[in-house]
>>> print(open('my_file-v1.cif').read())   # mmCIF, N, CA and C atoms
data_start
#
loop_
_atom_site.label_atom_id
_atom_site.label_comp_id
_atom_site.auth_asym_id
_atom_site.auth_seq_id
_atom_site.Cartn_x
_atom_site.Cartn_y
_atom_site.Cartn_z
N MET A 1 -31.53 6.53 -2.30
CA MET A 1 -30.45 5.57 -2.50
C MET A 1 -29.13 6.30 -2.68
N LYS A 2 -28.13 5.81 -1.99
CA LYS A 2 -26.78 6.37 -2.13
C LYS A 2 -26.14 5.84 -3.41
N ASN A 3 -25.31 6.69 -4.04
CA ASN A 3 -24.52 6.29 -5.20
C ASN A 3 -23.07 6.17 -4.76
N ILE A 4 -22.48 4.99 -4.99
CA ILE A 4 -21.12 4.72 -4.55
C ILE A 4 -20.29 4.30 -5.75
N LEU A 5 -19.14 4.94 -5.91
CA LEU A 5 -18.20 4.59 -6.97
C LEU A 5 -16.93 4.04 -6.36
N VAL A 6 -16.50 2.88 -6.85
CA VAL A 6 -15.21 2.31 -6.47
C VAL A 6 -14.28 2.52 -7.66
N LEU A 7 -13.16 3.15 -7.40
CA LEU A 7 -12.27 3.56 -8.48
C LEU A 7 -10.89 2.94 -8.32
N CYS A 8 -10.37 2.41 -9.41
CA CYS A 8 -9.04 1.83 -9.43
C CYS A 8 -8.38 2.18 -10.77
N THR A 9 -7.18 1.71 -10.99
CA THR A 9 -6.48 2.05 -12.22
C THR A 9 -7.18 1.48 -13.45
N GLY A 10 -7.33 0.16 -13.50
CA GLY A 10 -7.84 -0.46 -14.72
C GLY A 10 -9.21 -1.08 -14.62
N ASN A 11 -9.86 -0.99 -13.47
CA ASN A 11 -11.19 -1.56 -13.25
C ASN A 11 -11.21 -3.03 -13.65
N SER A 12 -10.17 -3.77 -13.21
CA SER A 12 -10.11 -5.18 -13.58
C SER A 12 -10.12 -6.13 -12.40
N CYS A 13 -9.55 -5.74 -11.26
CA CYS A 13 -9.46 -6.64 -10.10
C CYS A 13 -10.06 -6.04 -8.83
N ARG A 14 -9.28 -5.16 -8.20
CA ARG A 14 -9.66 -4.66 -6.88
C ARG A 14 -11.01 -3.96 -6.88
N SER A 15 -11.24 -3.07 -7.84
CA SER A 15 -12.52 -2.35 -7.87
C SER A 15 -13.67 -3.29 -8.22
N GLN A 16 -13.41 -4.31 -9.02
CA GLN A 16 -14.45 -5.28 -9.36
C GLN A 16 -14.82 -6.13 -8.15
N ILE A 17 -13.82 -6.55 -7.40
CA ILE A 17 -14.07 -7.33 -6.17
C ILE A 17 -14.84 -6.46 -5.18
N ALA A 18 -14.43 -5.21 -5.02
CA ALA A 18 -15.12 -4.31 -4.09
C ALA A 18 -16.55 -4.06 -4.54
N GLU A 19 -16.77 -3.88 -5.83
CA GLU A 19 -18.15 -3.70 -6.32
C GLU A 19 -18.99 -4.91 -5.95
N GLY A 20 -18.45 -6.10 -6.15
CA GLY A 20 -19.19 -7.32 -5.81
C GLY A 20 -19.55 -7.39 -4.34
N TYR A 21 -18.58 -7.10 -3.49
CA TYR A 21 -18.86 -7.16 -2.04
C TYR A 21 -19.78 -6.02 -1.59
N LEU A 22 -19.61 -4.83 -2.14
CA LEU A 22 -20.50 -3.73 -1.75
C LEU A 22 -21.94 -4.01 -2.17
N ARG A 23 -22.12 -4.58 -3.34
CA ARG A 23 -23.48 -4.98 -3.75
C ARG A 23 -24.04 -6.01 -2.78
N HIS A 24 -23.21 -6.98 -2.41
CA HIS A 24 -23.63 -8.05 -1.51
C HIS A 24 -23.99 -7.51 -0.12
N PHE A 25 -23.11 -6.72 0.45
CA PHE A 25 -23.33 -6.24 1.82
C PHE A 25 -24.38 -5.12 1.90
N SER A 26 -24.55 -4.33 0.85
CA SER A 26 -25.51 -3.23 0.90
C SER A 26 -26.94 -3.71 0.75
N GLU A 27 -27.12 -4.91 0.26
CA GLU A 27 -28.44 -5.52 0.14
C GLU A 27 -29.45 -4.59 -0.52
N GLY A 28 -29.04 -3.94 -1.62
CA GLY A 28 -29.96 -3.09 -2.37
C GLY A 28 -30.17 -1.70 -1.80
N LYS A 29 -29.41 -1.32 -0.78
CA LYS A 29 -29.56 0.00 -0.17
C LYS A 29 -28.78 1.09 -0.89
N ALA A 30 -28.01 0.71 -1.92
CA ALA A 30 -27.19 1.69 -2.63
C ALA A 30 -26.99 1.25 -4.08
N ASN A 31 -26.71 2.21 -4.93
CA ASN A 31 -26.31 1.94 -6.30
C ASN A 31 -24.79 1.88 -6.31
N ILE A 32 -24.25 0.75 -6.71
CA ILE A 32 -22.81 0.53 -6.67
C ILE A 32 -22.26 0.55 -8.10
N TYR A 33 -21.22 1.33 -8.30
CA TYR A 33 -20.54 1.42 -9.59
C TYR A 33 -19.05 1.17 -9.36
N SER A 34 -18.39 0.68 -10.39
CA SER A 34 -16.92 0.64 -10.33
C SER A 34 -16.40 1.12 -11.67
N ALA A 35 -15.22 1.71 -11.62
CA ALA A 35 -14.62 2.25 -12.84
C ALA A 35 -13.12 2.33 -12.65
N GLY A 36 -12.45 2.62 -13.76
CA GLY A 36 -11.02 2.81 -13.73
C GLY A 36 -10.66 4.09 -14.45
N ILE A 37 -9.47 4.57 -14.20
CA ILE A 37 -8.99 5.71 -14.97
C ILE A 37 -8.54 5.22 -16.35
N GLU A 38 -8.46 3.89 -16.48
CA GLU A 38 -8.26 3.18 -17.74
C GLU A 38 -9.19 1.97 -17.66
N THR A 39 -9.34 1.23 -18.77
CA THR A 39 -10.11 -0.02 -18.71
C THR A 39 -9.23 -1.16 -19.21
N HIS A 40 -9.14 -2.21 -18.39
CA HIS A 40 -8.30 -3.36 -18.73
C HIS A 40 -9.10 -4.64 -18.89
N GLY A 41 -10.43 -4.57 -18.79
CA GLY A 41 -11.24 -5.79 -18.81
C GLY A 41 -11.26 -6.42 -17.43
N VAL A 42 -12.29 -7.20 -17.15
CA VAL A 42 -12.41 -7.85 -15.84
C VAL A 42 -11.47 -9.06 -15.83
N ASN A 43 -10.62 -9.11 -14.83
CA ASN A 43 -9.62 -10.17 -14.72
C ASN A 43 -10.31 -11.51 -14.42
N PRO A 44 -10.03 -12.54 -15.23
CA PRO A 44 -10.66 -13.85 -15.00
C PRO A 44 -10.36 -14.44 -13.61
N ARG A 45 -9.21 -14.12 -13.04
CA ARG A 45 -8.90 -14.61 -11.70
C ARG A 45 -9.75 -13.89 -10.64
N ALA A 46 -10.07 -12.64 -10.88
CA ALA A 46 -10.96 -11.93 -9.96
C ALA A 46 -12.35 -12.58 -10.00
N ILE A 47 -12.80 -12.91 -11.20
CA ILE A 47 -14.09 -13.59 -11.34
C ILE A 47 -14.06 -14.93 -10.61
N ALA A 48 -12.97 -15.70 -10.81
CA ALA A 48 -12.86 -17.02 -10.20
C ALA A 48 -12.80 -16.95 -8.67
N THR A 49 -12.04 -16.01 -8.14
CA THR A 49 -11.89 -15.94 -6.69
C THR A 49 -13.19 -15.46 -6.04
N MET A 50 -13.94 -14.61 -6.72
CA MET A 50 -15.23 -14.20 -6.17
C MET A 50 -16.25 -15.33 -6.27
N LYS A 51 -16.17 -16.11 -7.33
CA LYS A 51 -17.06 -17.27 -7.45
C LYS A 51 -16.84 -18.23 -6.29
N GLU A 52 -15.56 -18.43 -5.91
CA GLU A 52 -15.24 -19.27 -4.75
C GLU A 52 -15.92 -18.75 -3.49
N ALA A 53 -16.09 -17.44 -3.40
CA ALA A 53 -16.72 -16.82 -2.23
C ALA A 53 -18.24 -16.73 -2.37
N GLY A 54 -18.77 -17.25 -3.47
CA GLY A 54 -20.22 -17.27 -3.66
C GLY A 54 -20.80 -16.01 -4.26
N ILE A 55 -19.96 -15.17 -4.86
CA ILE A 55 -20.43 -13.93 -5.48
C ILE A 55 -20.05 -13.95 -6.96
N ASP A 56 -21.05 -13.79 -7.81
CA ASP A 56 -20.84 -13.85 -9.25
C ASP A 56 -20.62 -12.45 -9.82
N ILE A 57 -19.41 -12.19 -10.29
CA ILE A 57 -19.12 -10.90 -10.94
C ILE A 57 -18.83 -11.11 -12.43
N SER A 58 -19.20 -12.26 -12.95
CA SER A 58 -18.87 -12.59 -14.34
C SER A 58 -19.56 -11.68 -15.35
N ALA A 59 -20.64 -11.03 -14.97
CA ALA A 59 -21.34 -10.12 -15.89
C ALA A 59 -20.86 -8.68 -15.75
N HIS A 60 -19.94 -8.42 -14.83
CA HIS A 60 -19.40 -7.06 -14.67
C HIS A 60 -18.65 -6.65 -15.94
N THR A 61 -18.63 -5.35 -16.17
CA THR A 61 -17.87 -4.81 -17.29
C THR A 61 -16.81 -3.86 -16.74
N SER A 62 -15.77 -3.65 -17.52
CA SER A 62 -14.72 -2.72 -17.14
C SER A 62 -15.09 -1.36 -17.72
N ASN A 63 -15.29 -0.38 -16.85
CA ASN A 63 -15.78 0.93 -17.27
C ASN A 63 -14.78 2.03 -16.97
N ASN A 64 -14.79 3.04 -17.81
CA ASN A 64 -13.96 4.22 -17.60
C ASN A 64 -14.72 5.21 -16.74
N VAL A 65 -14.03 5.85 -15.83
CA VAL A 65 -14.66 6.79 -14.90
C VAL A 65 -15.43 7.89 -15.64
N ASP A 66 -15.00 8.26 -16.82
CA ASP A 66 -15.68 9.32 -17.58
C ASP A 66 -17.13 8.95 -17.91
N GLU A 67 -17.44 7.65 -17.94
CA GLU A 67 -18.80 7.20 -18.24
C GLU A 67 -19.79 7.64 -17.16
N TYR A 68 -19.30 7.96 -15.99
CA TYR A 68 -20.17 8.29 -14.86
C TYR A 68 -20.10 9.76 -14.46
N ALA A 69 -19.66 10.60 -15.36
CA ALA A 69 -19.49 12.02 -15.05
C ALA A 69 -20.78 12.69 -14.57
N ASP A 70 -21.93 12.19 -14.99
CA ASP A 70 -23.21 12.81 -14.64
C ASP A 70 -23.89 12.16 -13.43
N VAL A 71 -23.25 11.17 -12.82
CA VAL A 71 -23.86 10.51 -11.66
C VAL A 71 -23.48 11.28 -10.40
N PRO A 72 -24.47 11.66 -9.59
CA PRO A 72 -24.17 12.39 -8.34
C PRO A 72 -23.74 11.41 -7.24
N PHE A 73 -22.46 11.15 -7.15
CA PHE A 73 -21.97 10.18 -6.17
C PHE A 73 -21.98 10.75 -4.77
N ASP A 74 -22.35 9.88 -3.83
CA ASP A 74 -22.28 10.21 -2.41
C ASP A 74 -20.93 9.82 -1.83
N TYR A 75 -20.36 8.73 -2.37
CA TYR A 75 -19.06 8.24 -1.93
C TYR A 75 -18.23 7.84 -3.13
N VAL A 76 -16.97 8.20 -3.11
CA VAL A 76 -16.00 7.73 -4.10
C VAL A 76 -14.89 7.06 -3.30
N ILE A 77 -14.72 5.77 -3.55
CA ILE A 77 -13.72 4.99 -2.83
C ILE A 77 -12.61 4.62 -3.81
N THR A 78 -11.42 5.11 -3.57
CA THR A 78 -10.28 4.69 -4.39
C THR A 78 -9.61 3.51 -3.68
N VAL A 79 -9.28 2.49 -4.46
CA VAL A 79 -8.72 1.27 -3.86
C VAL A 79 -7.27 1.02 -4.28
N CYS A 80 -6.65 2.04 -4.88
CA CYS A 80 -5.22 1.97 -5.17
C CYS A 80 -4.68 3.39 -5.22
N ASP A 81 -3.41 3.53 -4.87
CA ASP A 81 -2.81 4.87 -4.82
C ASP A 81 -2.82 5.56 -6.17
N ASN A 82 -2.60 4.81 -7.26
CA ASN A 82 -2.57 5.42 -8.58
C ASN A 82 -3.92 6.09 -8.91
N ALA A 83 -5.01 5.43 -8.59
CA ALA A 83 -6.32 6.03 -8.85
C ALA A 83 -6.55 7.25 -7.97
N LYS A 84 -6.11 7.18 -6.71
CA LYS A 84 -6.28 8.32 -5.81
C LYS A 84 -5.55 9.54 -6.36
N GLU A 85 -4.33 9.33 -6.82
CA GLU A 85 -3.52 10.44 -7.32
C GLU A 85 -4.03 10.98 -8.64
N ASN A 86 -4.70 10.14 -9.43
CA ASN A 86 -5.17 10.55 -10.75
C ASN A 86 -6.68 10.65 -10.85
N CYS A 87 -7.36 10.59 -9.71
CA CYS A 87 -8.82 10.64 -9.69
C CYS A 87 -9.31 11.97 -10.23
N PRO A 88 -10.20 11.91 -11.20
CA PRO A 88 -10.73 13.17 -11.72
C PRO A 88 -11.60 13.88 -10.69
N TYR A 89 -11.77 15.14 -10.88
CA TYR A 89 -12.62 15.93 -10.00
C TYR A 89 -14.08 15.61 -10.28
N PHE A 90 -14.85 15.31 -9.25
CA PHE A 90 -16.28 15.12 -9.40
C PHE A 90 -16.98 16.35 -8.85
N PRO A 91 -17.81 16.99 -9.66
CA PRO A 91 -18.49 18.20 -9.20
C PRO A 91 -19.65 17.88 -8.26
N THR A 92 -19.36 17.14 -7.21
CA THR A 92 -20.36 16.78 -6.21
C THR A 92 -19.74 16.97 -4.84
N ASN A 93 -20.54 16.71 -3.85
CA ASN A 93 -20.05 16.74 -2.49
C ASN A 93 -19.69 15.34 -2.01
N ALA A 94 -19.30 14.47 -2.93
CA ALA A 94 -18.99 13.08 -2.59
C ALA A 94 -17.93 13.00 -1.50
N VAL A 95 -18.17 12.12 -0.57
CA VAL A 95 -17.17 11.81 0.44
C VAL A 95 -16.14 10.92 -0.24
N LYS A 96 -14.88 11.31 -0.16
CA LYS A 96 -13.81 10.54 -0.79
C LYS A 96 -13.08 9.73 0.27
N LEU A 97 -13.03 8.43 0.04
CA LEU A 97 -12.36 7.50 0.94
C LEU A 97 -11.27 6.78 0.16
N HIS A 98 -10.22 6.36 0.86
CA HIS A 98 -9.13 5.68 0.17
C HIS A 98 -8.57 4.55 1.01
N HIS A 99 -8.30 3.44 0.32
CA HIS A 99 -7.56 2.33 0.93
C HIS A 99 -6.74 1.68 -0.18
N ASN A 100 -5.45 1.66 -0.01
CA ASN A 100 -4.57 1.08 -1.03
C ASN A 100 -4.42 -0.42 -0.80
N PHE A 101 -5.09 -1.21 -1.64
CA PHE A 101 -4.97 -2.67 -1.57
C PHE A 101 -3.87 -3.12 -2.51
N PRO A 102 -3.15 -4.19 -2.16
CA PRO A 102 -2.15 -4.73 -3.09
C PRO A 102 -2.84 -5.16 -4.39
N ASP A 103 -2.10 -5.10 -5.49
CA ASP A 103 -2.65 -5.50 -6.79
C ASP A 103 -2.38 -6.99 -7.01
N PRO A 104 -3.41 -7.84 -6.91
CA PRO A 104 -3.18 -9.27 -7.09
C PRO A 104 -2.77 -9.63 -8.52
N ALA A 105 -3.09 -8.78 -9.48
CA ALA A 105 -2.72 -9.05 -10.87
C ALA A 105 -1.21 -9.00 -11.07
N LYS A 106 -0.50 -8.42 -10.11
CA LYS A 106 0.96 -8.35 -10.21
C LYS A 106 1.64 -9.53 -9.51
N ALA A 107 0.86 -10.42 -8.93
CA ALA A 107 1.42 -11.57 -8.24
C ALA A 107 2.16 -12.47 -9.23
N GLN A 108 3.23 -13.06 -8.74
CA GLN A 108 4.02 -13.96 -9.58
C GLN A 108 4.17 -15.30 -8.88
N GLY A 109 4.51 -16.31 -9.67
CA GLY A 109 4.71 -17.65 -9.11
C GLY A 109 3.84 -18.64 -9.84
N THR A 110 3.61 -19.75 -9.17
CA THR A 110 2.74 -20.78 -9.75
C THR A 110 1.30 -20.27 -9.77
N GLU A 111 0.46 -20.97 -10.49
CA GLU A 111 -0.96 -20.59 -10.53
C GLU A 111 -1.54 -20.60 -9.11
N GLU A 112 -1.18 -21.58 -8.32
CA GLU A 112 -1.70 -21.65 -6.95
C GLU A 112 -1.20 -20.48 -6.11
N GLN A 113 0.04 -20.08 -6.29
CA GLN A 113 0.57 -18.92 -5.55
C GLN A 113 -0.13 -17.63 -5.96
N VAL A 114 -0.38 -17.49 -7.25
CA VAL A 114 -1.08 -16.29 -7.74
C VAL A 114 -2.52 -16.28 -7.21
N MET A 115 -3.19 -17.42 -7.27
CA MET A 115 -4.57 -17.48 -6.76
C MET A 115 -4.60 -17.25 -5.24
N ALA A 116 -3.58 -17.68 -4.54
CA ALA A 116 -3.52 -17.43 -3.09
C ALA A 116 -3.45 -15.93 -2.83
N GLU A 117 -2.73 -15.20 -3.66
CA GLU A 117 -2.66 -13.74 -3.51
C GLU A 117 -4.02 -13.10 -3.83
N PHE A 118 -4.70 -13.59 -4.86
CA PHE A 118 -6.04 -13.08 -5.16
C PHE A 118 -6.97 -13.31 -3.97
N ARG A 119 -6.88 -14.47 -3.36
CA ARG A 119 -7.74 -14.77 -2.21
C ARG A 119 -7.40 -13.89 -1.02
N ARG A 120 -6.11 -13.66 -0.80
CA ARG A 120 -5.68 -12.81 0.32
C ARG A 120 -6.22 -11.39 0.14
N VAL A 121 -6.07 -10.84 -1.05
CA VAL A 121 -6.55 -9.49 -1.33
C VAL A 121 -8.08 -9.45 -1.28
N ARG A 122 -8.72 -10.49 -1.80
CA ARG A 122 -10.19 -10.57 -1.75
C ARG A 122 -10.67 -10.44 -0.31
N GLU A 123 -10.02 -11.14 0.62
CA GLU A 123 -10.44 -11.10 2.02
C GLU A 123 -10.23 -9.72 2.63
N MET A 124 -9.14 -9.05 2.24
CA MET A 124 -8.90 -7.68 2.71
C MET A 124 -10.02 -6.75 2.22
N ILE A 125 -10.37 -6.88 0.96
CA ILE A 125 -11.41 -6.04 0.37
C ILE A 125 -12.76 -6.37 0.99
N LYS A 126 -13.02 -7.64 1.24
CA LYS A 126 -14.27 -8.06 1.87
C LYS A 126 -14.43 -7.39 3.23
N ASP A 127 -13.38 -7.42 4.04
CA ASP A 127 -13.44 -6.80 5.37
C ASP A 127 -13.69 -5.30 5.26
N TYR A 128 -12.99 -4.64 4.33
CA TYR A 128 -13.17 -3.20 4.14
C TYR A 128 -14.61 -2.89 3.73
N CYS A 129 -15.15 -3.66 2.80
CA CYS A 129 -16.52 -3.41 2.30
C CYS A 129 -17.57 -3.66 3.38
N ARG A 130 -17.35 -4.67 4.19
CA ARG A 130 -18.27 -4.93 5.31
C ARG A 130 -18.26 -3.75 6.28
N GLU A 131 -17.06 -3.27 6.62
CA GLU A 131 -16.95 -2.12 7.53
C GLU A 131 -17.57 -0.87 6.92
N PHE A 132 -17.36 -0.66 5.62
CA PHE A 132 -17.95 0.51 4.95
C PHE A 132 -19.47 0.46 5.02
N THR A 133 -20.07 -0.67 4.68
CA THR A 133 -21.53 -0.74 4.68
C THR A 133 -22.09 -0.62 6.09
N ASP A 134 -21.39 -1.19 7.08
CA ASP A 134 -21.84 -1.05 8.46
C ASP A 134 -21.81 0.41 8.91
N LYS A 135 -20.79 1.13 8.50
CA LYS A 135 -20.62 2.52 8.95
C LYS A 135 -21.49 3.51 8.16
N TYR A 136 -21.58 3.34 6.85
CA TYR A 136 -22.21 4.36 6.02
C TYR A 136 -23.59 4.00 5.48
N LEU A 137 -23.97 2.73 5.53
CA LEU A 137 -25.25 2.34 4.92
C LEU A 137 -26.21 1.69 5.90
N SER A 138 -25.87 1.67 7.18
CA SER A 138 -26.77 1.04 8.17
C SER A 138 -27.87 1.97 8.59
#
>>> encode(input="my_file-v1.cif", output="structure tokens")
Amino acid sequence: MKNILVLCTGNSCRSQIAEGYLRHFSEGKANIYSAGIETHGVNPRAIATMKEAGIDISAHTSNNVDEYADVPFDYVITVCDNAKENCPYFPTNAVKLHHNFPDPAKAQGTEEQVMAEFRRVREMIKDYCREFTDKYLS
């Protein structure tokens, strides 16, 4: 089984959404983890937008990357520039991949406008995760 880490700044939105989709698309072919260089708690809007897509991430926890120092990762995916720039060194041969997704938690406006941004980013992450699993886990 491959070990995959999705890393973001606070492990609250983008990395949580990616963890949910990678679990869904990998169909048990990999161990999926997500973490942040900080922990901000799982964003309730991330939970809500994934629920709309039929994926329950309500039991996810916000974890610090240091918690996984002993896990031999095969892939480390950073989903924001801040995490890429501040990603700690992993003493493994992990393949490092990066895609900077917009931070939906920074969206402003009405609740509907903010949720529209969460949905837009969710779809971007969904497409990325589908492509990742097709390429690396098939």
>>> residues_near_point(input="my_file-v1.cif", point="(-18.7, -3.7, -4.7)", cutoff="10 Å", atoms="only C-alpha atoms", output="PyMOL selection string")
chain A and resi 4-6+14-26+31-34+57+125-126+129
>>> closest_residue(input="my_file-v1.cif", among="A:Ile47, A:Val42, A:Leu7, A:Ala30", to="Met115 (chain A)", atoms="only C-alpha atoms")
A:Ile47
>>> closest_residue(input="my_file-v1.cif", among="A:Met50, A:Asp134, A:Leu97, A:Lys29", to="Asn3 (chain A)", atoms="all atoms listed in the file")
A:Lys29
>>> resolve_selection(input="my_file-v1.cif", expression="the PyMOL selection byres (((chain A and resi 73 and name CA) around 6) and name CA)", output="PDB file with N, CA and C atoms, keeping the file's coordinate frame")
ATOM      1  N   ASN A   3     -25.310   6.690  -4.040  1.00  0.00           N
ATOM      2  CA  ASN A   3     -24.520   6.290  -5.200  1.00  0.00           C
ATOM      3  C   ASN A   3     -23.070   6.170  -4.760  1.00  0.00           C
ATOM      4  N   ILE A   4     -22.480   4.990  -4.990  1.00  0.00           N
ATOM      5  CA  ILE A   4     -21.120   4.720  -4.550  1.00  0.00           C
ATOM      6  C   ILE A   4     -20.290   4.300  -5.750  1.00  0.00           C
ATOM      7  N   VAL A  71     -23.250  11.170 -12.820  1.00  0.00           N
ATOM      8  CA  VAL A  71     -23.860  10.510 -11.660  1.00  0.00           C
ATOM      9  C   VAL A  71     -23.480  11.280 -10.400  1.00  0.00           C
ATOM     10  N   PRO A  72     -24.470  11.660  -9.590  1.00  0.00           N
ATOM     11  CA  PRO A  72     -24.170  12.390  -8.340  1.00  0.00           C
ATOM     12  C   PRO A  72     -23.740  11.410  -7.240  1.00  0.00           C
ATOM     13  N   ASP A  74     -22.350   9.880  -3.830  1.00  0.00           N
ATOM     14  CA  ASP A  74     -22.280  10.210  -2.410  1.00  0.00           C
ATOM     15  C   ASP A  74     -20.930   9.820  -1.830  1.00  0.00           C
ATOM     16  N   TYR A  75     -20.360   8.730  -2.370  1.00  0.00           N
ATOM     17  CA  TYR A  75     -19.060   8.240  -1.930  1.00  0.00           C
ATOM     18  C   TYR A  75     -18.230   7.840  -3.130  1.00  0.00           C
ATOM     19  N   ALA A  94     -19.300  14.470  -2.930  1.00  0.00           N
ATOM     20  CA  ALA A  94     -18.990  13.080  -2.590  1.00  0.00           C
ATOM     21  C   ALA A  94     -17.930  13.000  -1.500  1.00  0.00           C
TER      22      ALA A  94
END
>>> resolve_selection(input="my_file-v1.cif", expression="the PyMOL selection byres ((chain A and resi 35-38) around 8)", output="VMD selection string")
chain A and resid 5 to 12 15 to 16 32 to 34 39 to 41 61 to 67 82 to 83 86 to 88
>>> select_by_dssp(input="my_file-v1.cif", residues="region 6-69 of chain A", states="alpha helix (DSSP H)", output="list in words")
Arg14, Ser15, Gln16, Ile17, Ala18, Glu19, Gly20, Tyr21, Leu22, Arg23, His24, Phe25, Ser26, Pro44, Arg45, Ala46, Ile47, Ala48, Thr49, Met50, Lys51 and Glu52 of chain A
>>> select_by_dssp(input="my_file-v1.cif", residues="region 3-119 of chain A", states="strand (DSSP E)", output="ChimeraX atom specification")
/A:3-8,30-36,75-78,95-98
>>> residues_near_point(input="my_file-v1.cif", point="(-2.3, -10.0, -7.9)", cutoff="8 Å", atoms="all atoms listed in the file", output="PyMOL selection string")
chain A and resi 102-108+114-119+121
>>> atom_distance(input="my_file-v1.cif", atom1="CA of Asp127 (chain A)", atom2="atom N of Thr49 (chain A)")
16.4 Å
>>> atom_distance(input="my_file-v1.cif", atom1="atom C of Arg130 (chain A)", atom2="atom N of Gln113 (chain A)")
27.6 Å
